[in-house]
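Below you'll find the structure, written out as structure tokens, and then a few comments.
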Amino acid sequence: MCGITGWVSYDRDLRIETATLDAMTETMSCRGPDDRGTWVEGPAALGHRRLAIIDLPGGRQPMTVSTPDGTVALVYSGETYNFTELRRELTDRGHRFTTDSDTEVVLHAYLEWGDALAERLNGMYAFAIWDGRHDKLVMIRDRMGIKPFYYYPTPDGVLFGSEPKAILANPLARARVRLDGLRELFAMVKTPGHAVWDGMHEVEPGTVVTLDRQGLHRRVHWRLETRPHTDDRDTSIATVRSLLEDIVRRQLVADVPRCTLLSGGLDSSAMTALAARQLAERGEKVRSFAVDFVGQADNFVADELRGTPDTPFVHDVARFCGTDHQDIVLDAHALADMDVRAKVLRARDLPMGFGDMDSSLYLLFQAIRGHSTVALSGESADEVFGGYLQFFDEEARRAETFPWLVSFGRHFGDDADVLRADLTEALDMEAYVSDGYRTAVAGIDRLDGESDFEYRMRRICHLHLTRFVRILLDRKDRASMAVGLEVRVPFCDHRLVEYVYNSPWSLKSFDGREKSLLREATADLIPPSVYDRVKSPYPSTQDPKYGLALQEHAKDLLARPSHPVFDLVDRERLHRLAHRDTPQIAQASRHGLERALDLALWLDLYAPEVNLT
């Protein structure tokens with residue numbers, strides 16, 4: 001896992017631009033604290049920061065191969081889980097390797113198959129290859145969008161990077177956000193390819209973007225397709241179990257300490273149990289970590305979203321699976337700390353977070369990094385197997401919009417909206433979301449004979465797997481890589497995603513509950529308490545001190561009436577939230593306070609040009 005960046009300019013000599021390349025590369029130092037490297041030749045300049053995971057001495061980058069027709073150079077971020085099989089195949093085809101790294105396998109795979117190598121890789125990755133034989137740049141991103149990848153076209157080439165900050169470090173990139181960027185920032189719908197920053201784009205998941213002297217070209221190498229599912233229930237359950245066994249085995253490969261993220265829910269518990277069993281076969285014990293808050297278990301109050309605290313279930317799993325477990329317990333002061341908020345915002349580059357759930361995730365990962373370099377996560381199982389409340393909410397099912405927005409509006413409401421009325425009118429979010437929804441569902445194929453209900457559920461599943469999951473994957477990647485921790489997501493293996501997506505909803509929920517296939521596939525691995533537990537989202541602190549701290553920070557902001565944030569935020573609305581007299585600041589009020597604080601901090605740290613036209 002690493003940070004990559006680069007610059008291709010057909011009209012200038014980049015050998016005299018090494019200072020700029022260095023600046024771009026250093027923005028990725030958190031993603032790659034172990035090593036750095038740059039490479040410049042002809043019109044191409046590549047930068048790399050390394051987090052060493054496999055073949056610690058041999059995987060340095062940029063990695064190059066000299067051919068009679070020119071140099072081929074690679075900067076690579078991520079992991080290729082089937083690199084051992086690919087290495088054998090390439091060796092049989094005459095390739096010779098000098099390291100044990102998956103990076104070298106990817107480079108030689110390109111030499112053998114060109115950009116068609118994308119269809120052969122199993123993993124999470126974002127990489128760029130400069131092919132000096134043809135003076136072209138090839139950028140490739142994994143199927144699910146686990147690893148971030150951005151690019152910024154210039155008049156004579158392109159800038160690229162793992163994160164926007166690498167691109168923005170180049171003077172050619174303008175740190176500007178227009179009205180359409182603000183729409184994407186606030187919409188929570190994740191439009192494919194949209195990067196919020198004006199002129200910047202994402203390399204879309206499952207896509208190859210190539211630059212040559214004729215310009216940019218785009219090719220989709222994978223998409224989520226509709227196919228018939230002919231397996232019966234028992235076969236489907238057995239197939240899910242077999243896939244999970246193989247996926248976890250592959251994702252446990254590392255030359256550094258590993259652990260699991262354990263929440264006490266079905267997803268993380270099943271994944272931890274599989275890892276524990278496989279490591280036990282080698283005489284190893286899995287480490288597990290969970291986040292908790294001071295006093296949360298003793299003073300927990302159930303609500304619509306969270307009916308139970310995580311900690312009792314976490315401890316049940318740790319005992320049942322015999323993990324070496326540690327709770328990371330956080331207090332309200334740490335969660336509300338403005339320095340922590342700044343670190344989270346710098347990790348994301350944008351004020352689009354989840355409040356204390358972002359702060360706690362960052363602090364959890366920071367604590368874990370002191371013990372492990374790789375963590376396996378249960379992220380994305382809800383999207384794959386159908387675990388969210390909106391999958392079972394009739395209003396959300398029938399709504400002609402993104403189903404999670406129905407739940408979001410219900411739980412946060414008007415208090416979350418602290419934007420100025422004129423800005424809200426100019427944004428016209430209803431039209432933006434409506435247009436995005438129509439585009440998103442237009443390409444979802446329907447099986448012959450598929451019932452209206454099954455097709456409706458297929459669309460909901462597809463939206464979660466191609467839109468919503470990318471919000472959460474980006475959040476987890478940024479928070480983890482900000483502290484140099486690699487988080488792997490077994491449930492995003494494309495083989496599992498394809499198989500379960502095409503299972504009919506009647507099979508995904510055959511017992512009338514969420515994630516029926518996953519529950520039965522791992523029933524023998526988890527304690528009864530977890531088997532019977534109802535889905536509970538990532539935890540949020542209930543400590544009133546957190547809301548009160550937000551109010552104090554908002555009051556400090558209000559004391560600066562000339563702050564540019566008030567070009568976006570309604571001062572009176574913020575004043576009402578900051579002075580609301582209640583012992584427990586409601587979640588919606590907290591969200592409004594956090595949005596204002598994040599926007600102000602973003603303006604302070606990035607000084608973006610915000611163009612409201």
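Residue numbering restarts at 1 for every chain of the structure tokens, chains are lettered A, B, ... in their displayed order, and ligands are numbered from 1 as they appear.
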
>> as a VMD selection string, please: every residue in range 307-540 of chain A that DSSP puts in alpha helix (DSSP H).
In response: chain A and resid 311 to 321 332 to 336 338 to 348 356 to 368 381 to 385 394 to 398 403 to 412 421 to 427 429 to 442 452 to 463 469 to 481 494 to 501 505 to 508 516 to 521 528 to 531

At a cut-off of 12 Å, can you tabulate as a tab-separated table every residue of range 408-494 of chain A near range 201-217 of chain A together with its closest atom pair and the distance in Å to one decimal, using only C-alpha atoms and ordering rows by chain then number?
```
residue	atom	partner	partner_atom	distance
A:Leu465	CA	A:Pro205	CA	11.3
A:Thr466	CA	A:Pro205	CA	8.9
A:Arg467	CA	A:Pro205	CA	10.7
A:Val469	CA	A:Pro205	CA	11.7
A:Arg470	CA	A:Pro205	CA	9.2
A:Leu473	CA	A:Pro205	CA	11.7
A:Asp474	CA	A:Pro205	CA	11.8
A:His494	CA	A:Gly206	CA	10.4
```

For N, CA and C atoms, I'd like the residues from the last selection saved as a PDB file, in the first residue's frame.
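Saved file selection-v1.pdb follows:
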```pdb
ATOM      1  N   LEU A 465     -23.855  -0.928  -4.350  1.00  0.00           N
ATOM      2  CA  LEU A 465     -22.563  -1.478  -4.735  1.00  0.00           C
ATOM      3  C   LEU A 465     -21.782  -0.584  -5.688  1.00  0.00           C
ATOM      4  N   THR A 466     -22.448   0.345  -6.343  1.00  0.00           N
ATOM      5  CA  THR A 466     -21.765   1.208  -7.304  1.00  0.00           C
ATOM      6  C   THR A 466     -21.736   2.676  -6.886  1.00  0.00           C
ATOM      7  N   ARG A 467     -22.482   3.042  -5.877  1.00  0.00           N
ATOM      8  CA  ARG A 467     -22.502   4.432  -5.418  1.00  0.00           C
ATOM      9  C   ARG A 467     -22.176   4.530  -3.923  1.00  0.00           C
ATOM     10  N   VAL A 469     -21.263   2.360  -1.555  1.00  0.00           N
ATOM     11  CA  VAL A 469     -20.075   1.704  -1.002  1.00  0.00           C
ATOM     12  C   VAL A 469     -18.818   2.522  -1.275  1.00  0.00           C
ATOM     13  N   ARG A 470     -18.812   3.273  -2.373  1.00  0.00           N
ATOM     14  CA  ARG A 470     -17.610   4.035  -2.713  1.00  0.00           C
ATOM     15  C   ARG A 470     -17.379   5.192  -1.750  1.00  0.00           C
ATOM     16  N   LEU A 473     -15.795   3.292   1.252  1.00  0.00           N
ATOM     17  CA  LEU A 473     -14.453   2.804   0.946  1.00  0.00           C
ATOM     18  C   LEU A 473     -13.455   3.942   0.929  1.00  0.00           C
ATOM     19  N   ASP A 474     -13.839   5.067   0.365  1.00  0.00           N
ATOM     20  CA  ASP A 474     -12.949   6.221   0.336  1.00  0.00           C
ATOM     21  C   ASP A 474     -12.677   6.723   1.754  1.00  0.00           C
ATOM     22  N   HIS A 494     -14.213  -9.158  -6.080  1.00  0.00           N
ATOM     23  CA  HIS A 494     -15.198  -9.050  -7.160  1.00  0.00           C
ATOM     24  C   HIS A 494     -15.919 -10.373  -7.427  1.00  0.00           C
TER      25      HIS A 494
END
```

Compile the contact shell of range 563-568 of chain A as a short mmCIF file (atom, residue, chain, number, x, y, z; two decimals) with N, CA, C and O atoms, in the first residue's frame: residues with an atom at most 6 Å away, counting only C-alpha atoms, same-chain residues fewer than 3 positions apart removed.
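Output file around-v7.cif follows:
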```
data_model
loop_
_atom_site.label_atom_id
_atom_site.label_comp_id
_atom_site.auth_asym_id
_atom_site.auth_seq_id
_atom_site.Cartn_x
_atom_site.Cartn_y
_atom_site.Cartn_z
N LEU A 419 -26.65 25.74 5.69
CA LEU A 419 -26.22 26.54 4.56
C LEU A 419 -27.13 27.76 4.39
O LEU A 419 -28.30 27.75 4.77
N ARG A 420 -26.59 28.80 3.79
CA ARG A 420 -27.36 30.00 3.51
C ARG A 420 -28.50 29.67 2.55
O ARG A 420 -28.36 28.82 1.65
N ARG A 560 -15.93 35.16 14.91
CA ARG A 560 -15.12 35.63 13.78
C ARG A 560 -16.08 35.92 12.62
O ARG A 560 -16.11 35.20 11.63
N ALA A 600 -15.46 25.59 7.62
CA ALA A 600 -14.55 26.66 8.05
C ALA A 600 -13.10 26.18 8.04
O ALA A 600 -12.19 26.90 7.59
#
```

>> Which residues are near Ala276 in chain A? Cut-off 10 Å, only C-alpha atoms, ignore same chain within fewer than 3 positions. Put them as an MDAnalysis selection string.
In response: chainID A and resid 259:260 270:273 279:281 284:288 318 321:324 525

Output N, CA and C atoms for every residue in that selection, as a JSON list (two decimals), in the first residue's frame.
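Result saved to selection.json:
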```
[["chain", "number", "residue", "atom", "x", "y", "z"],
["A", 259, "CYS", "N", -3.97, -7.69, 11.69],
["A", 259, "CYS", "CA", -5.01, -7.71, 12.71],
["A", 259, "CYS", "C", -6.36, -7.65, 12.02],
["A", 260, "THR", "N", -7.43, -7.70, 12.80],
["A", 260, "THR", "CA", -8.77, -7.51, 12.26],
["A", 260, "THR", "C", -9.47, -6.39, 13.02],
["A", 270, "ALA", "N", -17.64, -12.58, 11.41],
["A", 270, "ALA", "CA", -17.41, -13.68, 10.48],
["A", 270, "ALA", "C", -16.00, -13.61, 9.90],
["A", 271, "MET", "N", -15.59, -12.39, 9.49],
["A", 271, "MET", "CA", -14.26, -12.23, 8.91],
["A", 271, "MET", "C", -13.17, -12.52, 9.94],
["A", 272, "THR", "N", -13.35, -12.05, 11.18],
["A", 272, "THR", "CA", -12.38, -12.31, 12.24],
["A", 272, "THR", "C", -12.30, -13.81, 12.54],
["A", 273, "ALA", "N", -13.45, -14.48, 12.56],
["A", 273, "ALA", "CA", -13.48, -15.92, 12.85],
["A", 273, "ALA", "C", -12.75, -16.71, 11.77],
["A", 279, "LEU", "N", -5.30, -18.72, 10.75],
["A", 279, "LEU", "CA", -4.02, -18.46, 11.41],
["A", 279, "LEU", "C", -3.71, -19.52, 12.45],
["A", 280, "ALA", "N", -4.74, -20.05, 13.10],
["A", 280, "ALA", "CA", -4.53, -21.10, 14.09],
["A", 280, "ALA", "C", -3.91, -22.34, 13.44],
["A", 281, "GLU", "N", -4.24, -22.59, 12.17],
["A", 281, "GLU", "CA", -3.64, -23.72, 11.46],
["A", 281, "GLU", "C", -2.14, -23.55, 11.31],
["A", 284, "GLU", "N", -0.62, -19.48, 14.75],
["A", 284, "GLU", "CA", -0.65, -18.05, 15.05],
["A", 284, "GLU", "C", -1.99, -17.67, 15.67],
["A", 285, "LYS", "N", -1.99, -16.54, 16.34],
["A", 285, "LYS", "CA", -3.20, -16.01, 16.95],
["A", 285, "LYS", "C", -3.51, -14.66, 16.32],
["A", 286, "VAL", "N", -4.77, -14.44, 15.95],
["A", 286, "VAL", "CA", -5.13, -13.18, 15.33],
["A", 286, "VAL", "C", -5.31, -12.10, 16.40],
["A", 287, "ARG", "N", -4.85, -10.90, 16.09],
["A", 287, "ARG", "CA", -5.11, -9.74, 16.94],
["A", 287, "ARG", "C", -6.37, -9.07, 16.44],
["A", 288, "SER", "N", -7.19, -8.59, 17.35],
["A", 288, "SER", "CA", -8.41, -7.87, 16.96],
["A", 288, "SER", "C", -8.50, -6.57, 17.77],
["A", 318, "ALA", "N", -14.37, -12.25, 20.69],
["A", 318, "ALA", "CA", -12.96, -12.42, 21.08],
["A", 318, "ALA", "C", -12.76, -13.68, 21.89],
["A", 321, "CYS", "N", -13.56, -16.90, 19.54],
["A", 321, "CYS", "CA", -12.55, -17.15, 18.51],
["A", 321, "CYS", "C", -11.12, -17.17, 19.07],
["A", 322, "GLY", "N", -10.97, -16.81, 20.32],
["A", 322, "GLY", "CA", -9.65, -16.82, 20.93],
["A", 322, "GLY", "C", -8.70, -15.79, 20.37],
["A", 323, "THR", "N", -9.21, -14.59, 20.09],
["A", 323, "THR", "CA", -8.34, -13.55, 19.55],
["A", 323, "THR", "C", -7.57, -12.84, 20.66],
["A", 324, "ASP", "N", -6.48, -12.24, 20.29],
["A", 324, "ASP", "CA", -5.74, -11.36, 21.19],
["A", 324, "ASP", "C", -6.35, -9.97, 21.01],
["A", 525, "LEU", "N", -19.05, -20.46, 12.86],
["A", 525, "LEU", "CA", -17.84, -19.75, 13.25],
["A", 525, "LEU", "C", -18.07, -18.69, 14.32]]
```

> Excluding same-chain residues fewer than 5 positions from Asp493 in chain A, what lies within 8 Å of it counting only C-alpha atoms, as a VMD selection string?
Replying inline: chain A and resid 122 to 123 247

Would you write out those residues with all heavy atoms, as a PDB file, in the first residue's frame?
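Here's the written file out_6.pdb:
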```pdb
ATOM      1  N   ASN A 122      -6.686  -9.762  -9.253  1.00  0.00           N
ATOM      2  CA  ASN A 122      -7.615  -9.827  -8.127  1.00  0.00           C
ATOM      3  C   ASN A 122      -6.987  -9.010  -7.004  1.00  0.00           C
ATOM      4  O   ASN A 122      -5.926  -9.377  -6.485  1.00  0.00           O
ATOM      5  CB  ASN A 122      -7.826 -11.280  -7.684  1.00  0.00           C
ATOM      6  CG  ASN A 122      -8.741 -11.399  -6.470  1.00  0.00           C
ATOM      7  OD1 ASN A 122      -8.536 -10.755  -5.446  1.00  0.00           O
ATOM      8  ND2 ASN A 122      -9.753 -12.230  -6.577  1.00  0.00           N
ATOM      9  N   GLY A 123      -7.642  -7.914  -6.641  1.00  0.00           N
ATOM     10  CA  GLY A 123      -7.035  -7.123  -5.586  1.00  0.00           C
ATOM     11  C   GLY A 123      -7.644  -5.753  -5.448  1.00  0.00           C
ATOM     12  O   GLY A 123      -8.736  -5.463  -5.947  1.00  0.00           O
ATOM     13  N   ILE A 247     -10.854 -15.977  -0.042  1.00  0.00           N
ATOM     14  CA  ILE A 247     -10.569 -14.534   0.013  1.00  0.00           C
ATOM     15  C   ILE A 247      -9.754 -14.178   1.248  1.00  0.00           C
ATOM     16  O   ILE A 247      -8.730 -13.478   1.167  1.00  0.00           O
ATOM     17  CB  ILE A 247     -11.886 -13.734  -0.020  1.00  0.00           C
ATOM     18  CG1 ILE A 247     -12.568 -13.887  -1.378  1.00  0.00           C
ATOM     19  CG2 ILE A 247     -11.629 -12.258   0.287  1.00  0.00           C
ATOM     20  CD1 ILE A 247     -14.025 -13.465  -1.379  1.00  0.00           C
TER      21      ILE A 247
END
```
